[in-house]
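Colleague: File name structure30.cif; file contents mmCIF, C-alpha atoms; full text below.
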data_query
loop_
_atom_site.label_atom_id
_atom_site.label_comp_id
_atom_site.auth_asym_id
_atom_site.auth_seq_id
_atom_site.Cartn_x
_atom_site.Cartn_y
_atom_site.Cartn_z
CA MET Z 1 0.00 0.00 0.00
CA PHE Z 2 2.94 2.32 0.64
CA ASN Z 3 4.10 2.09 -2.98
CA PHE Z 4 0.55 2.60 -4.19
CA LYS Z 5 0.21 5.85 -2.21
CA ILE Z 6 3.60 7.12 -3.32
CA SER Z 7 2.74 6.40 -6.92
CA LYS Z 8 -0.29 8.68 -6.68
CA ILE Z 9 1.89 11.58 -5.58
CA ILE Z 10 4.51 10.98 -8.26
CA THR Z 11 1.90 10.44 -10.97
CA THR Z 12 0.14 13.73 -10.35
CA LEU Z 13 3.36 15.75 -9.99
CA SER Z 14 4.69 14.16 -13.19
CA LEU Z 15 1.53 15.10 -15.03
CA ALA Z 16 1.86 18.70 -13.86
CA PHE Z 17 5.45 18.87 -15.09
CA PHE Z 18 4.74 17.17 -18.40
CA VAL Z 19 1.68 19.26 -19.26
CA THR Z 20 3.07 22.63 -18.26
CA ALA Z 21 6.21 21.93 -20.29
CA PHE Z 22 4.05 22.06 -23.40
CA GLN Z 23 2.53 25.44 -22.61
CA THR Z 24 5.10 27.75 -24.18
CA PRO Z 25 4.42 31.20 -25.65
CA ASN Z 26 5.91 30.20 -29.01
CA LEU Z 27 3.61 27.20 -29.33
CA ILE Z 28 0.52 29.25 -28.54
CA ALA Z 29 1.54 32.13 -30.83
CA ALA Z 30 2.37 29.87 -33.77
CA ASN Z 31 -1.00 28.17 -33.64
CA LYS Z 32 -3.19 30.99 -32.37
CA THR Z 33 -5.35 31.26 -35.49
CA THR Z 34 -6.04 27.54 -35.72
CA ILE Z 35 -6.77 27.26 -32.00
CA GLU Z 36 -9.25 30.12 -32.13
CA GLN Z 37 -11.01 28.63 -35.17
CA GLU Z 38 -11.31 25.22 -33.52
CA SER Z 39 -12.48 26.68 -30.23
CA THR Z 40 -15.11 28.89 -31.87
CA GLN Z 41 -16.63 26.02 -33.83
CA TYR Z 42 -16.64 23.32 -31.19
CA THR Z 43 -17.07 24.97 -27.83
CA ARG Z 44 -18.59 27.96 -26.19
CA VAL Z 45 -15.28 29.74 -25.75
CA ALA Z 46 -14.40 30.05 -22.07
CA LYS Z 47 -13.23 33.41 -20.78
CA ARG Z 48 -10.16 31.67 -19.38
CA PRO Z 49 -9.51 28.46 -21.36
CA ASN Z 50 -7.51 25.92 -19.40
CA VAL Z 51 -4.11 24.54 -20.32
CA LEU Z 52 -5.25 21.10 -21.41
CA THR Z 53 -7.81 22.41 -23.89
CA THR Z 54 -5.20 24.73 -25.38
CA ILE Z 55 -2.86 21.76 -25.78
CA PHE Z 56 -5.59 19.69 -27.45
CA PHE Z 57 -6.15 22.24 -30.18
CA ALA Z 58 -2.46 23.13 -30.45
CA ALA Z 59 -1.49 19.50 -30.96
CA SER Z 60 -4.11 19.28 -33.71
CA ALA Z 61 -2.58 22.31 -35.42
CA ILE Z 62 0.97 20.96 -35.11
CA SER Z 63 0.00 17.71 -36.78
CA GLY Z 64 -1.28 19.67 -39.77
CA SER Z 65 -4.85 18.45 -39.52
CA SER Z 66 -7.85 18.76 -37.30
CA ALA Z 67 -9.12 15.50 -35.86
CA LEU Z 68 -12.53 17.05 -35.48
CA HIS Z 69 -12.71 17.84 -39.19
CA MET Z 70 -11.47 14.49 -40.49
CA PRO Z 71 -13.69 13.31 -43.35
CA ARG Z 72 -15.37 9.95 -43.16
CA GLY Z 73 -14.34 6.86 -45.05
CA MET Z 74 -10.58 7.45 -45.35
CA TYR Z 75 -9.34 4.84 -42.88
CA MET Z 76 -7.98 1.34 -43.48
CA GLN Z 77 -10.42 -0.31 -41.13
CA ALA Z 78 -13.23 -2.81 -41.37
CA GLY Z 79 -16.65 -1.24 -40.98
CA CYS Z 80 -19.06 -2.31 -38.29
CA GLY Z 81 -22.12 -2.75 -40.49
CA ASN Z 82 -24.99 -0.42 -41.21
CA LYS Z 83 -26.53 1.33 -38.22
CA ASP Z 84 -28.70 4.41 -38.17
CA ILE Z 85 -28.05 5.05 -34.47
CA VAL Z 86 -24.71 4.41 -32.78
CA ASN Z 87 -24.21 4.35 -29.00
CA VAL Z 88 -20.66 5.17 -27.90
CA LEU Z 89 -19.04 4.64 -24.48
CA SER Z 90 -16.02 6.67 -23.38
CA PHE Z 91 -13.88 5.85 -20.30
CA ASP Z 92 -11.55 8.45 -18.79
CA GLY Z 93 -8.03 7.80 -17.61
CA GLY Z 94 -6.86 9.06 -14.23
CA THR Z 95 -5.47 8.10 -10.86
CA SER Z 96 -8.74 6.99 -9.26
CA GLY Z 97 -8.68 3.79 -11.25
CA GLY Z 98 -12.08 3.81 -12.95
CA ILE Z 99 -14.08 3.12 -9.79
CA CYS Z 100 -16.65 5.86 -10.50
CA GLU Z 101 -17.12 4.64 -14.06
CA LEU Z 102 -17.57 1.03 -12.99
CA VAL Z 103 -20.16 1.93 -10.37
CA ALA Z 104 -22.20 3.89 -12.91
CA LEU Z 105 -21.84 1.24 -15.61
CA SER Z 106 -22.84 -1.51 -13.21
CA GLN Z 107 -26.04 0.32 -12.30
CA LEU Z 108 -26.73 1.07 -15.96
CA GLU Z 109 -26.43 -2.62 -16.88
CA ASP Z 110 -28.69 -3.64 -14.00
CA ARG Z 111 -31.37 -1.09 -14.90
CA MET Z 112 -31.32 -1.86 -18.62
CA GLY Z 113 -31.07 -5.61 -18.14
CA LYS Z 114 -28.38 -5.87 -20.82
CA PRO Z 115 -24.58 -6.26 -20.88
CA ILE Z 116 -22.58 -3.33 -22.23
CA HIS Z 117 -21.83 -5.08 -25.54
CA GLU Z 118 -25.58 -5.07 -26.23
CA ILE Z 119 -26.02 -1.45 -25.13
CA PHE Z 120 -23.08 0.17 -26.93
CA ASP Z 121 -21.69 -0.10 -30.44
CA LEU Z 122 -18.19 1.15 -29.57
CA ALA Z 123 -16.19 1.52 -26.35
CA VAL Z 124 -13.10 3.75 -26.13
CA GLY Z 125 -10.70 4.27 -23.23
CA ALA Z 126 -7.50 6.12 -22.37
CA SER Z 127 -4.92 5.03 -19.81
CA ALA Z 128 -6.75 3.36 -16.90
CA GLY Z 129 -9.89 3.68 -19.00
CA CYS Z 130 -8.21 1.62 -21.72
CA LEU Z 131 -7.57 -1.14 -19.20
CA ASP Z 132 -11.17 -1.05 -18.00
CA ILE Z 133 -12.61 -1.17 -21.53
CA ALA Z 134 -10.25 -4.02 -22.46
CA VAL Z 135 -11.30 -6.10 -19.46
CA LEU Z 136 -15.03 -5.42 -19.86
CA THR Z 137 -14.92 -6.44 -23.54
CA GLN Z 138 -12.51 -9.38 -23.22
CA PRO Z 139 -14.34 -12.59 -24.21
CA SER Z 140 -14.71 -15.34 -21.65
CA LEU Z 141 -12.82 -18.56 -22.37
CA SER Z 142 -15.96 -20.59 -21.70
CA ASP Z 143 -18.31 -18.42 -23.79
CA SER Z 144 -16.79 -15.99 -26.28
CA SER Z 145 -20.09 -14.11 -26.57
CA LYS Z 146 -19.76 -12.96 -22.96
CA PRO Z 147 -17.02 -10.89 -21.24
CA ILE Z 148 -14.73 -12.34 -18.60
CA PHE Z 149 -16.21 -9.96 -16.01
CA THR Z 150 -19.31 -7.84 -15.63
CA PRO Z 151 -18.74 -4.26 -14.39
CA SER Z 152 -19.82 -5.23 -10.86
CA GLU Z 153 -17.51 -8.26 -10.82
CA TYR Z 154 -14.59 -6.28 -12.17
CA LEU Z 155 -15.20 -3.52 -9.63
CA GLU Z 156 -14.61 -5.97 -6.76
CA ILE Z 157 -11.55 -7.44 -8.46
CA LYS Z 158 -10.08 -4.04 -9.17
CA LYS Z 159 -10.34 -2.92 -5.56
CA LYS Z 160 -8.26 -5.95 -4.58
CA GLU Z 161 -5.74 -6.04 -7.42
CA SER Z 162 -5.07 -2.41 -8.39
CA GLY Z 163 -2.06 -2.24 -6.06
CA LYS Z 164 -0.32 -4.93 -8.12
CA ILE Z 165 0.25 -2.38 -10.88
CA PHE Z 166 2.67 -0.48 -8.60
CA SER Z 167 4.16 -3.51 -6.87
CA LYS Z 168 7.72 -3.35 -8.24
CA PHE Z 169 9.36 -0.10 -7.12
CA ARG Z 170 12.85 0.53 -8.58
CA LEU Z 171 13.54 4.30 -9.15
CA LEU Z 172 15.50 3.90 -12.45
CA PRO Z 173 14.97 4.02 -15.40
CA SER Z 174 11.38 4.48 -14.25
CA LEU Z 175 9.82 4.53 -10.80
CA PHE Z 176 8.14 1.16 -11.29
CA ASP Z 177 9.02 -1.97 -13.20
CA PRO Z 178 6.44 -2.61 -15.96
CA LYS Z 179 6.57 -6.32 -15.09
CA GLY Z 180 4.06 -5.56 -12.32
CA PRO Z 181 1.22 -4.42 -14.60
CA GLU Z 182 2.33 -6.81 -17.36
CA GLU Z 183 1.83 -9.81 -15.08
CA LEU Z 184 -1.59 -8.53 -14.02
CA TYR Z 185 -2.75 -7.78 -17.56
CA ASN Z 186 -1.55 -11.14 -18.83
CA SER Z 187 -3.75 -12.78 -16.21
CA TYR Z 188 -6.73 -11.04 -17.84
CA PHE Z 189 -5.83 -11.27 -21.52
CA GLY Z 190 -3.26 -14.04 -21.96
CA ASN Z 191 -1.98 -14.04 -25.55
CA SER Z 192 -5.19 -12.74 -27.07
CA THR Z 193 -5.12 -10.03 -29.72
CA TYR Z 194 -6.94 -6.72 -29.51
CA ASP Z 195 -9.39 -7.70 -32.23
CA HIS Z 196 -10.58 -10.61 -30.07
CA THR Z 197 -13.43 -8.81 -28.32
CA THR Z 198 -17.14 -8.95 -27.55
CA MET Z 199 -17.70 -5.60 -29.30
CA PRO Z 200 -15.79 -2.93 -31.25
CA ARG Z 201 -13.30 -1.19 -28.96
CA ALA Z 202 -10.48 1.32 -29.21
CA ALA Z 203 -7.60 2.56 -27.07
CA CYS Z 204 -5.82 5.91 -26.97
CA VAL Z 205 -2.02 5.89 -26.93
CA PHE Z 206 0.37 8.82 -27.24
CA ASP Z 207 2.94 8.47 -30.04
CA ILE Z 208 6.02 10.28 -28.69
CA LYS Z 209 7.86 10.21 -32.04
CA ASN Z 210 5.14 12.20 -33.81
CA LEU Z 211 3.73 13.89 -30.69
CA LYS Z 212 0.13 12.91 -31.33
CA THR Z 213 -2.57 10.74 -29.85
CA ARG Z 214 -3.31 7.62 -31.85
CA VAL Z 215 -6.45 5.57 -31.46
CA ILE Z 216 -5.83 1.83 -31.78
CA SER Z 217 -8.96 0.09 -33.03
CA SER Z 218 -10.03 -3.53 -32.80
CA LYS Z 219 -11.36 -3.11 -36.36
CA ASP Z 220 -7.98 -2.14 -37.81
CA THR Z 221 -7.38 -4.41 -40.80
CA GLN Z 222 -3.71 -3.46 -41.22
CA ASN Z 223 -2.33 -4.09 -37.73
CA THR Z 224 -2.74 -6.87 -35.20
CA TYR Z 225 -1.61 -6.13 -31.64
CA LYS Z 226 -1.65 -8.15 -28.46
CA THR Z 227 -4.25 -6.83 -26.03
CA THR Z 228 -1.71 -6.71 -23.21
CA ASP Z 229 0.66 -4.61 -25.34
CA VAL Z 230 -2.10 -2.15 -26.23
CA VAL Z 231 -3.05 -1.70 -22.57
CA LEU Z 232 0.58 -1.37 -21.44
CA SER Z 233 1.12 1.29 -24.12
CA SER Z 234 -1.94 3.26 -23.05
CA THR Z 235 -0.98 3.12 -19.36
CA ALA Z 236 2.76 3.90 -19.66
CA PHE Z 237 2.64 7.10 -17.61
CA PRO Z 238 5.82 9.23 -18.03
CA PHE Z 239 8.48 8.68 -15.33
CA VAL Z 240 6.26 6.14 -13.54
CA PHE Z 241 6.64 3.51 -16.27
CA PRO Z 242 9.00 3.46 -19.27
CA PRO Z 243 7.69 4.15 -22.78
CA ARG Z 244 6.23 1.07 -24.44
CA LEU Z 245 7.03 -0.07 -27.97
CA LEU Z 246 3.74 -1.14 -29.51
CA SER Z 247 4.71 -3.63 -32.21
CA PRO Z 248 2.23 -5.48 -34.41
CA LEU Z 249 2.25 -9.25 -34.67
CA ASN Z 250 1.87 -9.06 -38.46
CA SER Z 251 4.72 -8.03 -40.74
CA GLY Z 252 4.53 -4.57 -42.26
CA GLY Z 253 2.26 -3.19 -39.56
CA ALA Z 254 2.60 0.18 -37.85
CA GLU Z 255 4.93 0.38 -34.84
CA TYR Z 256 4.73 3.16 -32.26
CA LEU Z 257 6.77 4.18 -29.24
CA CYS Z 258 4.07 5.09 -26.76
CA ILE Z 259 3.43 6.73 -23.45
CA ASP Z 260 0.19 7.06 -21.52
CA GLY Z 261 -2.86 7.59 -23.72
CA ALA Z 262 -4.17 10.21 -21.32
CA THR Z 263 -1.10 12.43 -21.72
CA LEU Z 264 -3.11 14.94 -23.76
CA ASP Z 265 -6.54 13.33 -23.70
CA ILE Z 266 -7.40 12.09 -20.21
CA ASN Z 267 -11.00 12.41 -21.35
CA PRO Z 268 -11.11 10.47 -24.66
CA ALA Z 269 -14.67 11.52 -25.56
CA PHE Z 270 -13.60 13.51 -28.65
CA ASN Z 271 -11.53 10.60 -29.91
CA ALA Z 272 -14.39 8.21 -29.20
CA LEU Z 273 -16.77 10.26 -31.33
CA ILE Z 274 -14.24 10.54 -34.16
CA LYS Z 275 -13.60 6.81 -34.13
CA ALA Z 276 -17.34 6.09 -34.14
CA ARG Z 277 -17.73 8.24 -37.27
CA GLU Z 278 -14.94 6.26 -38.94
CA LEU Z 279 -16.41 2.87 -38.10
CA TYR Z 280 -20.03 3.80 -38.81
CA PRO Z 281 -19.77 6.23 -41.76
CA ASP Z 282 -23.44 5.87 -42.74
CA ALA Z 283 -24.92 6.36 -39.27
CA LYS Z 284 -27.45 9.16 -38.95
CA GLU Z 285 -27.11 9.73 -35.22
CA PHE Z 286 -24.42 9.27 -32.57
CA ARG Z 287 -25.04 9.12 -28.82
CA LEU Z 288 -22.09 9.47 -26.50
CA LEU Z 289 -21.87 8.51 -22.82
CA SER Z 290 -18.66 9.87 -21.28
CA LEU Z 291 -17.75 8.39 -17.89
CA GLY Z 292 -15.25 10.29 -15.74
CA ASN Z 293 -13.33 9.88 -12.50
CA GLY Z 294 -15.21 12.56 -10.63
CA ILE Z 295 -14.77 16.16 -9.62
CA ALA Z 296 -12.97 17.35 -6.51
CA LYS Z 297 -15.47 19.47 -4.62
CA GLY Z 298 -15.71 21.33 -1.36
CA SER Z 299 -14.09 24.38 0.18
CA ASN Z 300 -11.86 22.28 2.41
CA PHE Z 301 -10.89 19.74 -0.20
CA CYS Z 302 -7.47 21.07 -1.12
CA VAL Z 303 -6.69 21.81 2.52
CA SER Z 304 -7.60 18.29 3.57
CA ALA Z 305 -5.76 16.74 0.67
CA SER Z 306 -2.70 18.85 1.39
CA LYS Z 307 -2.52 17.54 4.92
CA GLU Z 308 -2.74 14.01 3.61
CA PHE Z 309 -0.33 14.34 0.70
CA PHE Z 310 2.15 17.16 1.35
CA THR Z 311 0.15 19.83 -0.55
CA TYR Z 312 0.73 18.18 -3.94
CA LEU Z 313 -2.87 18.50 -5.07
CA ASP Z 314 -2.82 22.23 -4.36
CA ILE Z 315 0.48 22.59 -6.24
CA VAL Z 316 -0.91 20.81 -9.28
CA THR Z 317 -4.08 22.89 -9.19
CA HIS Z 318 -2.06 26.09 -9.39
CA LEU Z 319 0.41 24.79 -11.97
CA LEU Z 320 -2.33 23.78 -14.35
CA ASN Z 321 -4.39 26.91 -13.69
CA LEU Z 322 -7.48 24.82 -13.00
CA ASP Z 323 -10.61 25.51 -11.01
CA ILE Z 324 -11.82 22.01 -10.17
CA ASP Z 325 -11.98 19.72 -13.19
CA PRO Z 326 -10.38 20.92 -16.45
CA TYR Z 327 -12.56 18.77 -18.64
CA GLU Z 328 -15.97 19.74 -17.36
CA ALA Z 329 -15.51 23.34 -18.45
CA ASP Z 330 -14.28 22.72 -21.97
CA ILE Z 331 -14.39 19.25 -23.49
CA SER Z 332 -17.81 18.40 -22.08
CA GLN Z 333 -19.10 21.85 -22.93
CA ALA Z 334 -17.92 21.47 -26.51
CA LEU Z 335 -19.58 18.09 -26.93
CA SER Z 336 -22.78 19.32 -25.30
CA ALA Z 337 -22.89 22.21 -27.75
CA ALA Z 338 -22.28 19.93 -30.72
CA MET Z 339 -24.45 16.95 -29.73
CA GLY Z 340 -27.16 18.39 -27.50
CA ASN Z 341 -29.23 15.70 -25.79
CA ASN Z 342 -27.16 12.98 -27.44
CA PHE Z 343 -24.28 13.57 -25.02
CA ILE Z 344 -24.11 12.83 -21.29
CA ARG Z 345 -21.06 13.40 -19.11
CA PHE Z 346 -20.91 11.56 -15.78
CA ALA Z 347 -18.33 12.90 -13.31
CA PRO Z 348 -19.58 12.59 -9.71
CA VAL Z 349 -18.69 15.21 -7.15
CA ILE Z 350 -16.27 13.66 -4.64
CA ALA Z 351 -15.61 15.57 -1.41
CA ASN Z 352 -13.45 12.94 0.31
CA PRO Z 353 -9.75 13.60 -0.51
CA LYS Z 354 -8.66 10.01 0.04
CA ALA Z 355 -11.49 8.79 -2.16
CA PHE Z 356 -10.88 11.27 -4.97
CA LEU Z 357 -7.14 10.55 -5.06
CA GLY Z 358 -7.81 6.85 -5.45
CA VAL Z 359 -6.10 5.80 -2.23
CA ASP Z 360 -9.27 4.54 -0.54
CA LEU Z 361 -11.11 2.77 -3.33
CA ASN Z 362 -13.90 1.56 -1.06
CA ALA Z 363 -14.57 5.15 -0.01
CA LEU Z 364 -14.57 6.21 -3.66
CA GLU Z 365 -17.11 3.51 -4.49
CA GLN Z 366 -19.36 4.60 -1.63
CA SER Z 367 -19.02 8.28 -2.56
CA THR Z 368 -20.12 7.47 -6.11
CA ILE Z 369 -23.07 5.37 -4.90
CA GLU Z 370 -24.18 8.19 -2.60
CA TYR Z 371 -23.86 10.70 -5.42
CA LEU Z 372 -26.11 8.56 -7.62
CA LYS Z 373 -28.63 8.20 -4.81
CA THR Z 374 -28.73 11.96 -4.33
CA ASN Z 375 -28.95 12.61 -8.06
CA LYS Z 376 -31.61 10.05 -8.91
CA ASN Z 377 -32.13 11.13 -12.51
CA ILE Z 378 -28.60 10.37 -13.71
CA ILE Z 379 -29.04 6.69 -14.57
CA PRO Z 380 -32.59 7.17 -15.95
CA ASP Z 381 -31.27 9.99 -18.16
CA MET Z 382 -28.56 7.69 -19.48
CA ILE Z 383 -31.15 5.02 -20.25
CA LYS Z 384 -33.42 7.52 -21.95
CA MET Z 385 -30.61 8.75 -24.21
CA LEU Z 386 -29.40 5.26 -25.11
CA LYS Z 387 -32.89 3.87 -25.76
CA LYS Z 388 -34.58 6.72 -27.59
#
Could you take the file, read its structure, and then write that structure out as structure tokens?
Modeller:
Amino acid sequence: MFNFKISKIITTLSLAFFVTAFQTPNLIAANKTTIEQESTQYTRVAKRPNVLTTIFFAASAISGSSALHMPRGMYMQAGCGNKDIVNVLSFDGGTSGGICELVALSQLEDRMGKPIHEIFDLAVGASAGCLDIAVLTQPSLSDSSKPIFTPSEYLEIKKKESGKIFSKFRLLPSLFDPKGPEELYNSYFGNSTYDHTTMPRAACVFDIKNLKTRVISSKDTQNTYKTTDVVLSSTAFPFVFPPRLLSPLNSGGAEYLCIDGATLDINPAFNALIKARELYPDAKEFRLLSLGNGIAKGSNFCVSASKEFFTYLDIVTHLLNLDIDPYEADISQALSAAMGNNFIRFAPVIANPKAFLGVDLNALEQSTIEYLKTNKNIIPDMIKMLKK
């Protein structure tokens, strides 16, 4: 447990350093016009846009293309059949380990009486969200039409096994040996490939050679990757784990040197929508459910967290120039403006510092359950959107 707590501190401080390193005056000036055009079209422009949104649009400009403007039908991927309406699930990355998302998804499954592969047409995750999506869509050995775990089953397993990811502390060349998570992920996926799944899925990885987020799809016809390799690539957080070389099993496939898929896109909702448009080019309507790790809330939150963790949360908050949650103000607002009632963002308000930071996973689960009890319309609203 000691290593698990320390990893939370290092992870967040590393993220602060990595993100702020990208926010240079020259970068912003060189791409000012493109950033303003993107922001005007896809979001109600905030009076004080946060760092991560600026980076998202700047990275798009650097690459020479806008992901949001990519035309349909230009990708070497197998289609997913004809559908008029496409339901898309997006799982955030983050240090709280997907507990909030799993609680919500478990209740959604129970209320709808269907597994997620019958509710959604595509599931996309970044970092820890990539791991969660991979597990929830991994076929069972006894029945390939069913996943190895339901959300409720995986929630219990995750609370017990999440510490194994940070079990091999070593300092150099990274804080933790990747053999820890590799052993855990192999126990879930074995030698299976990413296209072996109960439903179409995709994972965000960050290509450090070309400085861009890539979305690895189970429907990719040109590249075959091991599921464990995809997940390790998407969860290779800088300094905590070494970069991961994502190599295809087939000859002539694309190879990427990757770090954590949440480096620029901790909320992969934009990428999820883009990928859905690629896979379902003839669809008339897209509905997107974005599940997040929660929002730190409460006047004493940073004070309490500082006492627990040497003020690191407060430091990060100031470094990133954030209010509470950087994604609620911009990414979710942009998608709400573009999609209207076909977009729902779930990010429960978490007042318990230990819960929000992912140290006490049981407390985080209970905080999420209480939030859903207090806000009784959340799950019914999800059902209404996905069924209509």
Colleague: When distances are computed from only C-alpha atoms, which of Z:Ile85, Z:Val240, Z:Leu136, Z:Ile350 shows the smallest separation from Ile295 in chain Z?
Modeller: Z:Ile350
Colleague: For the file shown, what are the residues hit by the PyMOL selection byres ((chain Z and resi 251) around 12), laid out as an MDAnalysis selection string?
Modeller: chainID Z and resid 222:225 247:250 252:255
Colleague: Since we have the selection now, will you write its residues out, keeping C-alpha atoms, as a PDB file, keeping the file's coordinate frame?
Modeller:
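And here's part_13.pdb as it stands now:
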ATOM      1  CA  GLN Z 222      -3.710  -3.460 -41.220  1.00  0.00           C
ATOM      2  CA  ASN Z 223      -2.330  -4.090 -37.730  1.00  0.00           C
ATOM      3  CA  THR Z 224      -2.740  -6.870 -35.200  1.00  0.00           C
ATOM      4  CA  TYR Z 225      -1.610  -6.130 -31.640  1.00  0.00           C
ATOM      5  CA  SER Z 247       4.710  -3.630 -32.210  1.00  0.00           C
ATOM      6  CA  PRO Z 248       2.230  -5.480 -34.410  1.00  0.00           C
ATOM      7  CA  LEU Z 249       2.250  -9.250 -34.670  1.00  0.00           C
ATOM      8  CA  ASN Z 250       1.870  -9.060 -38.460  1.00  0.00           C
ATOM      9  CA  GLY Z 252       4.530  -4.570 -42.260  1.00  0.00           C
ATOM     10  CA  GLY Z 253       2.260  -3.190 -39.560  1.00  0.00           C
ATOM     11  CA  ALA Z 254       2.600   0.180 -37.850  1.00  0.00           C
ATOM     12  CA  GLU Z 255       4.930   0.380 -34.840  1.00  0.00           C
TER      13      GLU Z 255
END
Colleague: Evaluate the PyMOL selection byres ((chain Z and resi 370-375) around 12) on the structure here and hand back the selected residues as a PyMOL selection string.
Modeller: chain Z and resi 100-101+103-108+294-295+346-351+363-369+376-381
Colleague: To test your reading of the syntax: which residues would the PyMOL selection byres ((chain Z and resi 185) around 10) return for the file shown? Reply as a PyMOL selection string.
Modeller: chain Z and resi 131+134-135+165+179-184+186-190+227-229+231-232
Colleague: Generate a file of the selected residues that holds C-alpha atoms, formatted as a PDB file, keeping the file's coordinate frame.
Modeller:
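Below you can see part-v8.pdb, which holds the result:
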ATOM      1  CA  LEU Z 131      -7.570  -1.140 -19.200  1.00  0.00           C
ATOM      2  CA  ALA Z 134     -10.250  -4.020 -22.460  1.00  0.00           C
ATOM      3  CA  VAL Z 135     -11.300  -6.100 -19.460  1.00  0.00           C
ATOM      4  CA  ILE Z 165       0.250  -2.380 -10.880  1.00  0.00           C
ATOM      5  CA  LYS Z 179       6.570  -6.320 -15.090  1.00  0.00           C
ATOM      6  CA  GLY Z 180       4.060  -5.560 -12.320  1.00  0.00           C
ATOM      7  CA  PRO Z 181       1.220  -4.420 -14.600  1.00  0.00           C
ATOM      8  CA  GLU Z 182       2.330  -6.810 -17.360  1.00  0.00           C
ATOM      9  CA  GLU Z 183       1.830  -9.810 -15.080  1.00  0.00           C
ATOM     10  CA  LEU Z 184      -1.590  -8.530 -14.020  1.00  0.00           C
ATOM     11  CA  ASN Z 186      -1.550 -11.140 -18.830  1.00  0.00           C
ATOM     12  CA  SER Z 187      -3.750 -12.780 -16.210  1.00  0.00           C
ATOM     13  CA  TYR Z 188      -6.730 -11.040 -17.840  1.00  0.00           C
ATOM     14  CA  PHE Z 189      -5.830 -11.270 -21.520  1.00  0.00           C
ATOM     15  CA  GLY Z 190      -3.260 -14.040 -21.960  1.00  0.00           C
ATOM     16  CA  THR Z 227      -4.250  -6.830 -26.030  1.00  0.00           C
ATOM     17  CA  THR Z 228      -1.710  -6.710 -23.210  1.00  0.00           C
ATOM     18  CA  ASP Z 229       0.660  -4.610 -25.340  1.00  0.00           C
ATOM     19  CA  VAL Z 231      -3.050  -1.700 -22.570  1.00  0.00           C
ATOM     20  CA  LEU Z 232       0.580  -1.370 -21.440  1.00  0.00           C
TER      21      LEU Z 232
END
Colleague: Z:Asp84, Z:Asp121, Z:Asp207, Z:Asp92: which is nearest Leu291 in chain Z, counting all atoms listed in the file?
Modeller: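 When distances to Leu291 in chain Z are compared using all atoms listed in the file, the smallest one comes from Z:Asp92.
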Colleague: Which residue gives the smallest distance to Ile99 in chain Z among Z:Leu246, Z:Leu211, Z:Leu335, Z:Ile157, with all atoms listed in the file counted?
Modeller: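 Going through Z:Leu246, Z:Leu211, Z:Leu335, Z:Ile157 one by one, the smallest distance to Ile99 in chain Z is for Z:Ile157.
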Colleague: Just how far from CA of Leu122 in chain Z is CA of Tyr280 in chain Z, in Å to one decimal?
Modeller: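 Taking CA of Tyr280 in chain Z as the start and CA of Leu122 in chain Z as the end point, the length is 9.8 Å.
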Colleague: Do you have the CA of Cys204 in chain Z-CA of Met385 in chain Z distance handy?
Modeller: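 These atoms are spaced 25.1 Å apart.
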Colleague: Just how far from CA of Ala128 in chain Z is CA of Gly97 in chain Z, in Å to one decimal?
Modeller: 6.0 Å
